[in-house]
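Have a look at the structure below, then the notes.
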Amino acid sequence: MNTTEYTLAIVNELQRSVKLILGTGNDALVEAIIQSRKIFLAGAGRSGLMARAFAMRLMHLGLDVHVVGETVTPGLRKEDLLIIASGSGETKSLISMAGKAKGLEAKLAVVTISPDSTIGRLADIIISLPGSPKDQSESDYHTIQPMGSLFEQTLLIFFDATILSLMEKQGLDSSSMYGNHANLE
């Protein structure tokens, strides 16, 4: 196949994937974001990059949002929300973070392929996305893409859809969000 054919195949996989987003956690996540004092995002690898992109859009909405691990990230408190993006739900550093969040009585949400994972069992809100783990031999969900690419792409689409829902609930549009866009570029 050539690049165009691969692109079309990926788009077809994404169309199939977004139709399979499971759970009632979607609306619960939107409500938790609205009700939280501060929102914290965490993820490792490419899932972490998708979480960072989501954090940026939440900031554009005017929310108090932080990416875990940055030098200016404040402490997590009871009134806060930690959102973890993890395909496997078994990344050791993220499990530790999830445990700390629960110990601090913060709300914990996870967006994952594996709702029965360690982080999934700790979470208050679970968003289950389809996809294949890095080792595709352990999955019934097949994709032409390497490793966790389909999950990461679906994750970004899900996060963007969550932003649209938040925009609607807050009566915001793209131009009103632009006031929070970086201006020191």
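In the structure tokens, the first chain shown is A, the next is B, and so on; residue numbers restart at 1 for each chain, and ligands run from 1 in the order shown.
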- Residues of segment 5-172 of chain A in helix (DSSP H, G or I) according to DSSP, as an MDAnalysis selection string? chainID A and resid 5:18 25:35 45:60 92:103 118:122 136:138 149:170
- Message: Excluding Ala44 of chain A and its own-chain neighbours fewer than 2 positions away, which residues fall within 12 Å of it when counting only C-alpha atoms? Please give them as a list in words.
- Response: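 My list of contacting residues is Leu41, Ala42, Arg46, Ser47, Gly48, Leu49, Met50, Ala51, Arg52, Val67, Val68, Gly69, Ile84, Ala85, Ser86, Gly87, Ser88, Gly89, Glu90, Thr91, Lys92, Ser93, Leu94, Ile95, Met97, Gly148 and Glu152 of chain A.
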- Message: Give me the residues near segment 25-37 of chain A as a ChimeraX atom specification, where near means some atom within 8 Å (using only C-alpha atoms) and where sequence neighbours in that chain fewer than 6 positions away do not count.
- Response: /A:64,79-81,107,109,125-127,162,165-166
